[in-house]
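Printed here is final.txt (compact mmCIF, C-alpha atoms and all ligand atoms):
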# COMPACT_ATOMS: atom_id res chain seq x y z
CA MET A 1 86.53 81.17 84.40
CA TRP A 2 86.10 79.52 87.77
CA ILE A 3 83.34 77.15 86.63
CA PHE A 4 85.70 75.38 84.24
CA GLY A 5 88.55 75.39 86.72
CA TRP A 6 91.21 76.34 84.17
CA LYS A 7 94.62 76.26 85.75
CA GLY A 8 96.95 79.25 85.64
CA PRO A 9 100.75 79.33 85.84
CA SER A 10 100.52 78.69 89.56
CA GLY A 11 99.12 75.24 88.87
CA PHE A 12 95.89 76.23 90.60
CA SER A 13 92.54 77.35 89.32
CA ALA A 14 89.88 79.67 90.65
CA ARG A 15 88.23 76.56 92.02
CA SER A 16 91.21 75.79 94.23
CA THR A 17 90.51 76.09 97.91
CA ALA A 18 92.52 77.80 100.62
CA GLU A 19 93.68 74.39 101.84
CA GLU A 20 94.79 73.29 98.38
CA VAL A 21 96.87 76.37 97.56
CA THR A 22 98.68 76.22 100.91
CA GLU A 23 99.16 72.48 101.08
CA GLY A 24 102.65 71.59 102.29
CA ILE A 25 103.44 75.13 103.44
CA ASP A 26 104.70 75.40 106.99
CA ALA A 27 103.79 78.77 108.47
CA THR A 28 105.05 77.90 111.95
CA GLY A 29 106.87 80.87 113.45
CA LEU A 30 104.98 83.42 111.35
CA THR A 31 102.64 85.99 112.88
CA ALA A 32 99.80 87.42 110.83
CA ILE A 33 97.10 90.04 111.27
CA VAL A 34 93.85 89.53 109.34
CA THR A 35 91.37 92.41 109.32
CA GLY A 36 87.68 91.56 108.94
CA ALA A 37 88.22 88.06 110.26
CA THR A 38 84.63 87.60 111.47
CA SER A 39 82.91 86.99 108.14
CA GLY A 40 83.38 85.74 104.58
CA ILE A 41 86.86 85.17 103.23
CA GLY A 42 88.43 86.63 106.38
CA VAL A 43 87.21 83.60 108.33
CA ASP A 44 88.81 81.10 105.97
CA THR A 45 91.96 83.18 105.72
CA THR A 46 92.28 83.03 109.50
CA ARG A 47 91.40 79.35 109.74
CA VAL A 48 93.87 78.21 107.08
CA LEU A 49 96.69 80.45 108.32
CA ALA A 50 96.19 78.80 111.72
CA LEU A 51 95.97 75.36 110.12
CA ARG A 52 99.40 75.94 108.54
CA GLY A 53 100.85 76.92 111.92
CA ALA A 54 100.83 80.73 111.86
CA HIS A 55 99.96 82.75 114.93
CA VAL A 56 96.93 84.77 113.78
CA VAL A 57 95.65 87.99 115.27
CA MET A 58 92.03 88.52 114.27
CA ALA A 59 91.54 92.29 113.96
CA VAL A 60 87.78 92.67 114.30
CA ARG A 61 85.24 95.30 115.20
CA ASN A 62 82.99 92.81 116.97
CA VAL A 63 85.15 91.15 119.60
CA GLU A 64 82.41 88.78 120.79
CA ALA A 65 81.93 87.45 117.25
CA GLY A 66 85.71 87.16 116.97
CA LYS A 67 85.93 85.11 120.17
CA LYS A 68 83.18 82.75 119.00
CA LEU A 69 85.00 82.17 115.75
CA LYS A 70 88.25 81.61 117.57
CA GLU A 71 86.51 78.91 119.64
CA SER A 72 85.08 77.21 116.57
CA ILE A 73 88.48 77.21 114.85
CA LEU A 74 90.07 75.81 118.01
CA ASN A 75 87.50 73.01 118.02
CA GLU A 76 88.60 72.11 114.51
CA ILE A 77 92.32 72.82 114.98
CA PRO A 78 93.24 72.40 118.67
CA SER A 79 96.83 73.57 118.04
CA ALA A 80 95.66 76.88 116.48
CA LYS A 81 97.32 79.99 117.87
CA ILE A 82 94.78 82.81 117.63
CA ASP A 83 94.25 86.13 119.39
CA VAL A 84 91.36 88.53 118.98
CA MET A 85 91.86 92.29 119.07
CA GLN A 86 89.41 95.10 118.46
CA LEU A 87 89.73 97.22 115.35
CA GLU A 88 87.10 99.55 113.91
CA LEU A 89 88.64 100.59 110.61
CA SER A 90 86.34 103.52 109.98
CA SER A 91 87.63 105.23 113.13
CA MET A 92 91.19 106.48 112.99
CA ALA A 93 91.26 106.61 116.80
CA SER A 94 90.45 102.88 116.88
CA VAL A 95 93.14 102.15 114.27
CA ARG A 96 95.70 104.05 116.36
CA LYS A 97 94.61 102.25 119.52
CA PHE A 98 94.87 98.86 117.83
CA ALA A 99 98.34 99.65 116.46
CA SER A 100 99.67 100.94 119.76
CA GLU A 101 98.33 97.91 121.65
CA TYR A 102 99.82 95.60 119.05
CA ILE A 103 103.20 97.32 119.26
CA ALA A 104 103.04 97.25 123.07
CA SER A 105 102.42 93.47 122.93
CA CYS A 106 105.89 93.10 121.34
CA LEU A 107 104.54 90.50 118.93
CA PRO A 108 106.43 90.24 115.65
CA LEU A 109 104.53 90.79 112.39
CA ASN A 110 105.33 88.87 109.22
CA ILE A 111 102.02 89.11 107.36
CA LEU A 112 99.39 91.83 107.24
CA ILE A 113 96.21 90.98 105.35
CA ASN A 114 94.05 94.07 104.84
CA ASN A 115 90.87 92.16 104.10
CA ALA A 116 87.95 93.93 105.80
CA GLY A 117 85.54 95.80 103.61
CA ILE A 118 82.04 97.11 103.04
CA MET A 119 80.23 97.45 99.75
CA ALA A 120 77.73 99.96 98.42
CA PRO A 121 75.95 101.23 101.56
CA PRO A 122 73.83 104.38 101.44
CA PHE A 123 75.88 107.56 101.90
CA SER A 124 77.22 108.18 105.39
CA LEU A 125 80.27 109.66 107.03
CA SER A 126 82.75 107.88 109.31
CA PRO A 127 83.39 109.17 112.83
CA ASP A 128 86.21 111.24 111.31
CA GLY A 129 83.94 112.70 108.64
CA ILE A 130 85.13 110.65 105.68
CA GLU A 131 82.74 108.87 103.28
CA LEU A 132 82.28 105.48 104.94
CA GLN A 133 83.49 103.16 102.18
CA PHE A 134 86.61 105.23 101.53
CA ALA A 135 87.30 105.44 105.26
CA THR A 136 86.79 101.72 105.94
CA ASN A 137 88.17 100.11 102.83
CA HIS A 138 91.11 102.41 102.20
CA VAL A 139 91.97 105.11 104.76
CA GLY A 140 91.75 102.86 107.83
CA HIS A 141 93.92 100.22 106.18
CA PHE A 142 96.34 102.84 104.92
CA LEU A 143 96.85 104.15 108.44
CA LEU A 144 97.03 100.66 109.94
CA THR A 145 99.73 99.63 107.49
CA HIS A 146 101.68 102.81 108.09
CA LEU A 147 101.58 102.37 111.87
CA LEU A 148 102.64 98.72 111.75
CA LEU A 149 105.35 99.09 109.13
CA ASP A 150 108.26 99.51 111.54
CA THR A 151 107.20 96.34 113.37
CA MET A 152 107.09 94.51 110.05
CA LYS A 153 110.49 95.84 109.02
CA LYS A 154 112.02 94.80 112.35
CA THR A 155 110.46 91.33 112.06
CA ALA A 156 111.63 90.89 108.47
CA SER A 157 115.14 91.88 109.36
CA GLU A 158 115.40 89.82 112.56
CA SER A 159 113.72 86.70 111.13
CA ASN A 160 115.28 86.99 107.69
CA ARG A 161 111.88 86.05 106.24
CA GLU A 162 110.13 88.16 103.64
CA GLY A 163 107.26 90.20 105.11
CA ARG A 164 104.01 90.21 103.13
CA ILE A 165 101.43 92.97 102.94
CA VAL A 166 98.32 91.80 101.12
CA ILE A 167 95.66 94.37 100.30
CA VAL A 168 92.34 92.92 99.21
CA SER A 169 90.90 94.95 96.35
CA SER A 170 88.24 93.96 93.84
CA ASP A 171 87.42 93.83 90.18
CA GLY A 172 84.91 96.46 91.31
CA HIS A 173 87.76 99.00 91.05
CA LYS A 174 86.64 99.30 87.44
CA PHE A 175 83.45 100.99 88.56
CA ALA A 176 85.31 103.92 90.10
CA TYR A 177 84.19 107.41 89.05
CA ASN A 178 85.38 108.38 85.57
CA GLU A 179 88.06 110.64 86.93
CA GLY A 180 89.34 107.90 89.27
CA ILE A 181 89.66 108.98 92.87
CA ARG A 182 87.71 112.18 93.43
CA PHE A 183 90.16 113.68 95.85
CA ASP A 184 88.16 116.90 96.10
CA LYS A 185 84.74 115.24 96.22
CA ILE A 186 85.14 112.24 98.53
CA ASN A 187 82.35 113.51 100.77
CA ASN A 188 80.07 114.93 98.10
CA GLU A 189 76.72 113.41 99.03
CA ALA A 190 74.83 114.97 96.10
CA GLU A 191 77.02 113.13 93.57
CA TYR A 192 77.43 109.96 95.64
CA ASN A 193 76.92 106.70 93.78
CA CYS A 194 77.31 103.75 96.14
CA TYR A 195 78.81 101.42 93.47
CA ARG A 196 81.22 104.01 92.09
CA ALA A 197 82.29 104.94 95.59
CA TYR A 198 83.01 101.24 96.27
CA GLY A 199 85.03 101.15 93.05
CA GLN A 200 86.88 104.27 94.13
CA SER A 201 87.84 102.73 97.47
CA LYS A 202 88.96 99.49 95.82
CA ALA A 203 90.99 101.41 93.26
CA ALA A 204 92.64 103.20 96.18
CA ASN A 205 93.55 99.76 97.60
CA ILE A 206 95.44 98.98 94.40
CA LEU A 207 97.22 102.32 94.33
CA HIS A 208 98.16 101.90 97.95
CA ALA A 209 99.75 98.51 97.25
CA LYS A 210 101.53 99.83 94.18
CA GLU A 211 103.05 102.84 95.85
CA LEU A 212 103.92 100.91 98.98
CA ALA A 213 105.62 98.20 96.94
CA ARG A 214 107.64 100.84 95.10
CA ARG A 215 108.75 102.49 98.33
CA LEU A 216 109.68 99.22 100.03
CA LYS A 217 111.71 98.21 97.02
CA GLU A 218 113.45 101.57 96.90
CA GLU A 219 114.27 101.28 100.59
CA GLY A 220 115.61 97.75 100.09
CA VAL A 221 113.29 96.35 102.72
CA ASN A 222 112.50 92.62 102.70
CA ILE A 223 108.72 93.11 102.48
CA THR A 224 106.43 92.90 99.46
CA ALA A 225 103.06 94.58 99.01
CA ASN A 226 100.43 93.25 96.64
CA SER A 227 96.80 93.79 95.88
CA LEU A 228 94.31 91.31 94.46
CA HIS A 229 90.82 90.55 93.31
CA PRO A 230 89.66 87.41 95.14
CA GLY A 231 86.92 86.47 92.68
CA GLU A 232 83.15 86.63 93.15
CA ILE A 233 82.33 84.90 96.38
CA ALA A 234 79.20 84.03 98.35
CA THR A 235 79.72 86.15 101.50
CA ASN A 236 77.89 88.81 103.48
CA LEU A 237 79.43 91.67 101.51
CA GLY A 238 76.11 92.75 100.04
CA ARG A 239 74.47 93.14 103.44
CA ASN A 240 74.31 96.95 103.28
CA ASN A 241 72.54 97.06 99.95
CA GLY A 242 69.17 95.34 99.43
CA LEU A 243 69.60 94.89 95.67
CA LEU A 244 73.10 93.42 95.93
CA ASN A 245 72.04 91.17 98.76
CA ALA A 246 69.11 89.83 96.75
CA ILE A 247 71.27 89.23 93.67
CA SER A 248 74.10 87.53 95.56
CA SER A 249 71.68 85.32 97.51
CA GLY A 250 69.94 84.37 94.25
CA ILE A 251 73.15 83.33 92.50
CA LYS A 252 75.12 82.08 95.48
CA TYR A 253 75.62 78.59 94.02
CA LEU A 254 77.33 80.15 91.02
CA LEU A 255 79.81 82.01 93.19
CA LYS A 256 83.05 80.84 94.80
CA THR A 257 82.88 79.43 98.30
CA SER A 258 84.65 81.49 100.95
CA SER A 259 87.47 78.93 101.06
CA GLN A 260 87.97 79.38 97.32
CA GLY A 261 87.73 83.12 97.83
CA ALA A 262 90.40 83.09 100.52
CA ALA A 263 92.79 81.10 98.33
CA THR A 264 94.35 84.02 96.46
CA GLN A 265 95.24 86.09 99.51
CA LEU A 266 96.60 83.04 101.31
CA TYR A 267 98.70 82.23 98.30
CA MET A 268 100.06 85.76 98.28
CA ALA A 269 100.70 85.65 102.00
CA LEU A 270 102.36 82.25 102.23
CA ILE A 271 103.82 81.05 98.96
CA PRO A 272 107.62 80.86 99.15
CA ASN A 273 109.23 83.59 97.05
CA ASP A 274 111.44 81.17 95.18
CA ARG A 275 108.44 80.04 93.17
CA THR A 276 108.15 81.72 89.80
CA TRP A 277 104.51 82.49 90.35
CA ILE A 278 105.21 85.17 92.92
CA ARG A 279 106.92 87.17 90.18
CA VAL A 280 103.72 86.98 88.22
CA LEU A 281 101.85 88.26 91.22
CA SER A 282 104.19 91.18 91.47
CA ILE A 283 102.85 92.70 88.28
CA ILE A 284 100.30 94.19 90.58
CA GLU A 285 103.11 96.27 92.05
CA GLY A 286 103.88 98.71 89.28
CA LEU A 287 101.53 101.67 89.24
CA GLY A 288 102.46 104.93 90.89
CA ILE A 289 99.94 106.85 92.94
CA LYS A 290 99.77 109.65 90.39
CA ASN A 291 98.37 107.48 87.63
CA ARG A 292 94.71 107.92 87.10
CA ILE A 293 92.56 105.01 88.09
CA ARG A 294 90.98 105.04 84.69
CA ASP A 295 94.27 103.70 83.43
CA LEU A 296 93.77 100.57 85.47
CA ARG A 297 90.54 99.69 83.80
CA LEU A 298 90.71 96.72 81.53
CA GLY A 299 88.09 97.95 79.11
CA LEU A 300 89.78 101.08 77.73
CA GLY A 301 89.73 101.58 73.98
CA GLU A 302 92.93 100.94 72.01
CA GLU A 303 93.57 104.59 71.34
CA GLU A 304 93.12 105.58 74.94
CA GLN A 305 95.30 102.71 76.12
CA ASN A 306 98.07 103.77 73.76
CA LYS A 307 97.77 107.39 74.79
CA ASN A 308 97.73 106.76 78.47
CA ARG A 309 99.29 103.41 79.13
CA PRO A 310 99.71 102.67 82.80
CA LYS A 311 102.90 101.20 84.11
CA LEU A 312 100.95 98.11 85.02
CA TRP A 313 100.15 97.32 81.45
CA ILE A 314 103.60 98.19 80.17
CA TRP A 315 105.12 95.90 82.77
CA ASP A 316 102.57 93.24 81.92
CA GLU A 317 103.18 93.35 78.18
CA GLU A 318 106.94 93.68 78.27
CA LYS A 319 107.78 91.21 81.01
CA LEU A 320 104.93 88.77 81.18
CA GLY A 321 103.25 88.55 77.85
CA ASP A 322 99.51 88.27 78.09
CA THR A 323 99.23 86.84 81.56
CA GLY A 324 96.43 89.17 82.59
CA SER A 325 96.70 91.66 85.39
CA LEU A 326 94.05 92.14 87.98
CA GLU A 327 92.30 88.88 87.33
CA PHE A 328 94.33 86.68 89.62
CA GLY A 329 91.56 85.48 91.84
CA ARG A 330 89.22 84.58 89.08
CA ILE A 331 91.22 83.48 86.12
CA ILE A 332 94.80 82.67 86.86
CA LEU A 333 94.91 81.31 90.36
N1 LIG A 401 82.65 88.72 98.19
C1 LIG A 401 83.11 89.06 97.02
O1 LIG A 401 82.58 88.61 95.96
C2 LIG A 401 84.26 90.00 96.88
C3 LIG A 401 84.70 90.35 95.59
C4 LIG A 401 85.78 91.21 95.46
C5 LIG A 401 86.40 91.71 96.58
N2 LIG A 401 85.97 91.38 97.83
C6 LIG A 401 86.65 91.96 99.00
O2 LIG A 401 86.92 90.94 99.94
C7 LIG A 401 87.03 91.52 101.24
C8 LIG A 401 86.27 90.67 102.24
O3 LIG A 401 84.89 90.73 101.93
P1 LIG A 401 83.86 89.54 102.16
O4 LIG A 401 83.27 89.23 100.84
O5 LIG A 401 84.48 88.45 102.97
O6 LIG A 401 82.72 90.34 102.98
P2 LIG A 401 82.02 90.10 104.39
O7 LIG A 401 81.56 88.69 104.52
O8 LIG A 401 81.01 91.18 104.49
O9 LIG A 401 83.20 90.37 105.44
C9 LIG A 401 83.70 91.67 105.64
C10 LIG A 401 84.48 91.75 106.93
O10 LIG A 401 84.92 93.11 107.09
C11 LIG A 401 84.58 93.54 108.40
N3 LIG A 401 84.38 94.98 108.48
C12 LIG A 401 83.50 95.73 107.79
N4 LIG A 401 83.58 97.01 108.17
C13 LIG A 401 84.54 97.06 109.14
C14 LIG A 401 85.06 98.11 109.94
N5 LIG A 401 84.61 99.35 109.85
N6 LIG A 401 86.03 97.81 110.83
C15 LIG A 401 86.47 96.55 110.95
N7 LIG A 401 86.01 95.51 110.23
C16 LIG A 401 85.05 95.77 109.33
C17 LIG A 401 83.28 92.80 108.72
O11 LIG A 401 83.06 92.83 110.11
P3 LIG A 401 81.60 92.49 110.73
O12 LIG A 401 81.47 91.00 110.66
O13 LIG A 401 81.69 93.03 112.11
O14 LIG A 401 80.60 93.21 109.88
C18 LIG A 401 83.62 91.42 108.17
O15 LIG A 401 84.40 90.71 109.09
C19 LIG A 401 86.52 92.96 101.12
O16 LIG A 401 87.63 93.83 101.10
C20 LIG A 401 85.82 92.97 99.76
O17 LIG A 401 85.85 94.25 99.15
C21 LIG A 401 84.92 90.52 98.01
Render the structure in this file as structure tokens.
Amino acid sequence: MWIFGWKGPSGFSARSTAEEVTEGIDATGLTAIVTGATSGIGVDTTRVLALRGAHVVMAVRNVEAGKKLKESILNEIPSAKIDVMQLELSSMASVRKFASEYIASCLPLNILINNAGIMAPPFSLSPDGIELQFATNHVGHFLLTHLLLDTMKKTASESNREGRIVIVSSDGHKFAYNEGIRFDKINNEAEYNCYRAYGQSKAANILHAKELARRLKEEGVNITANSLHPGEIATNLGRNNGLLNAISSGIKYLLKTSSQGAATQLYMALIPNDRTWIRVLSIIEGLGIKNRIRDLRLGLGEEEQNKNRPKLWIWDEEKLGDTGSLEFGRIIL
């Protein structure tokens, strides 16, 4: 519970800020991409990565807003190394353009933080004809990661430093449709529910991280992939939904600040892997893409859990006791 600031095994609590969880970490020599760096927790993720010495590429759809933020970070941290590049995640052409320009720049890539997201807008289709939340939150990031993976592998091998892929999900994955991801109904407007579709896209984030982590491990590549829930944070995420916007504005003083919200993903991106805590984080790695999302829900009845136990829970119970699973942002960290 963030209000009480209970500390988890990491020694931090949900109240801990981005600065606190990264204190003493030297990220000099690391290059990171942060998507959605123009608002909310993406801003603090960028700022604190730069503060710790990383070269940060802000991957943003609004380049002007990105440049303004870069200037304000430079005012605060004159040594910050920041670039701004355009990325519209809902357009696969834009994702491909971003990736090819990044690869052409010959920059290394140690850390990829798939942070951008939208929540609960009215139904619409992306330029490629995919329901907008699924396209933005999952498909765009999936393609981006895929296209940048060789660069990350090369960097990890040449630098001998573990690459980190951090995929920002949400506790909202629990609101996914009952059958999990509706592979055959992604674009079904008649049955669209904006909250369930958000949950579906966030569940896809988790499955992406899980399957990616499994593949990287199998390949023996020095890169980890993790997914997380950052907590409930006062940001602009509700902007596409009048009700959500009103609720989050009304309770904003009860929510985490964006620096507290950025803490979990920065921890995952920067914490040295010789610390025990990273092994705790890796419990998020264990679910194969074929498992139904329903299995990930924390509120399943005993019988259903026993019948259909996901690898995540089995791993959790057998290796880690009752540490909790998808609650990192809010409870443990
Ligand atoms: N806030 C919370 O309580 C909460 C809880 C759980 C999970 N999360 C997750 O945290 C992540 C960050 O959200 P936030 O709360 O910081 O929200 P936010 O303040 O709305 O920031 C979202 C960022 O994503 C960018 N973005 C949206 N659509 C994009 C697109 N099509 N292409 C490129 N960039 C796009 C936005 O760009 P513009 O500035 O141009 O719009 C913005 O920079 C999301 O993945 C969200 O699901 C947040």
Mind running chain A against ligand LIG 401 (chain A) at 6 Å and telling me each contacting residue's nearest atom pair with the distance in Å (one decimal), counting all atoms listed in the file, chain and number ascending, as a tab-separated table?
residue	atom	partner	partner_atom	distance
A:Gly36	CA	A:LIG401	O15	3.4
A:Ala37	CA	A:LIG401	O15	4.8
A:Thr38	CA	A:LIG401	O15	3.9
A:Ser39	CA	A:LIG401	O15	4.1
A:Gly40	CA	A:LIG401	O5	3.3
A:Ile41	CA	A:LIG401	O5	4.1
A:Gly42	CA	A:LIG401	O5	5.5
A:Val60	CA	A:LIG401	N7	5.3
A:Arg61	CA	A:LIG401	C15	4.6
A:Asn62	CA	A:LIG401	O13	5.0
A:Leu87	CA	A:LIG401	C15	5.5
A:Glu88	CA	A:LIG401	N6	3.7
A:Leu89	CA	A:LIG401	N6	3.8
A:Ser90	CA	A:LIG401	N5	4.5
A:Asn115	CA	A:LIG401	O16	4.7
A:Ala116	CA	A:LIG401	O10	3.4
A:Gly117	CA	A:LIG401	O16	3.8
A:Ile118	CA	A:LIG401	C12	5.2
A:Thr136	CA	A:LIG401	N5	5.1
A:Val168	CA	A:LIG401	O16	5.2
A:Ser169	CA	A:LIG401	C5	5.5
A:Ser170	CA	A:LIG401	C5	4.0
A:His229	CA	A:LIG401	C4	5.5
A:Pro230	CA	A:LIG401	C4	5.4
A:Gly231	CA	A:LIG401	C3	5.3
A:Glu232	CA	A:LIG401	O1	3.5
A:Ile233	CA	A:LIG401	O1	3.7
A:Ala234	CA	A:LIG401	N1	5.8
A:Thr235	CA	A:LIG401	O7	4.4
A:Asn236	CA	A:LIG401	O7	3.8
A:Leu237	CA	A:LIG401	O8	3.4
Separating CA of Leu51 in chain A from CA of Val84 in chain A, to the nearest tenth of an Å, is a gap of 16.5 Å
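Residue nearest Ala99 in chain A, chosen from A:His146, A:Gly29, A:Ala225, A:Tyr177 and counting only C-alpha atoms: A:His146.
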Practice problem: List every protein, DNA or RNA residue with an atom no more than 9 Å from (96.5, 97.7, 113.3) in the file's coordinates, counting only C-alpha atoms, and format the result as number ranges by chain. | Solution: A: 33, 35, 59, 87, 89, 94-103, 112, 140-141, 143-148
Separating CA of Gly261 in chain A from CA of Phe175 in chain A, to the nearest tenth of an Å, is a gap of 20.6 Å
Straight-line distance linking CA of Ala27 in chain A with CA of Arg52 in chain A, stated in Å to one decimal: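 Separation between CA of Ala27 in chain A and CA of Arg52 in chain A: 5.2 Å.
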Nearest to Met85 in chain A, restricted to only C-alpha atoms and choosing among A:Leu212, A:Met58, A:Val48, A:Val21, comes out as A:Met58
Task: Distance query 9 Å from (98.5, 98.6, 96.4) using all atoms listed in the file, result as a PyMOL selection string - done: chain A and resi 166-169+203-213+225-228+284-287
Could you list, as an MDAnalysis selection string, every residue within 10 Å of Asn222 in chain A, counting all atoms listed in the file and ignoring same-chain residues fewer than 5 positions away? chainID A and resid 152:157 160:164 216:217
Centre, edges in Å (one decimal): axis-aligned box, range 227-233 of chain A, 5 Å padding on all six sides, as lines of an AutoDock Vina configuration file:
center_x = 89.6
center_y = 89.3
center_z = 94.5
size_x = 24.5
size_y = 18.9
size_z = 13.7
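Nearest residue to Gln265 in chain A, choosing from A:Ile113, A:Ala135, A:Ser105, A:Ala14 and counting all atoms listed in the file: A:Ile113.
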Residues near Ala50 in chain A, cut-off 12 Å, only C-alpha atoms, skip fewer than 6 positions along chain, as a ChimeraX atom specification = /A:18-19,22,25-34,43-44,56-58,70,73-74,76-83,266,270
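Minimum atom-to-atom distances from A:Glu131, A:Asp184, A:Glu20, A:Glu218 to Tyr198 in chain A were compared using all atoms listed in the file, and the lowest value belongs to A:Glu131.
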TODO: Could you check which of A:Ala104, A:Cys194, A:Lys67, A:Glu219 is closest to Gln86 in chain A, using only C-alpha atoms?
DONE: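 So, comparing all the options, the nearest one is A:Lys67.
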Q.
Please list as a ChimeraX atom specification every residue within 7 Å of Ser91 in chain A, counting all atoms listed in the file and excluding residues in the same chain fewer than 5 positions away.
A. /A:126-128
- [ ] Would you please work out which residue, of A:Ile181, A:Ile130, A:Leu109, A:Leu125, is nearest to Ile223 in chain A when using all atoms listed in the file?
- [x]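 Looking only at the distances to Ile223 in chain A, the closest residue turns out to be A:Leu109.
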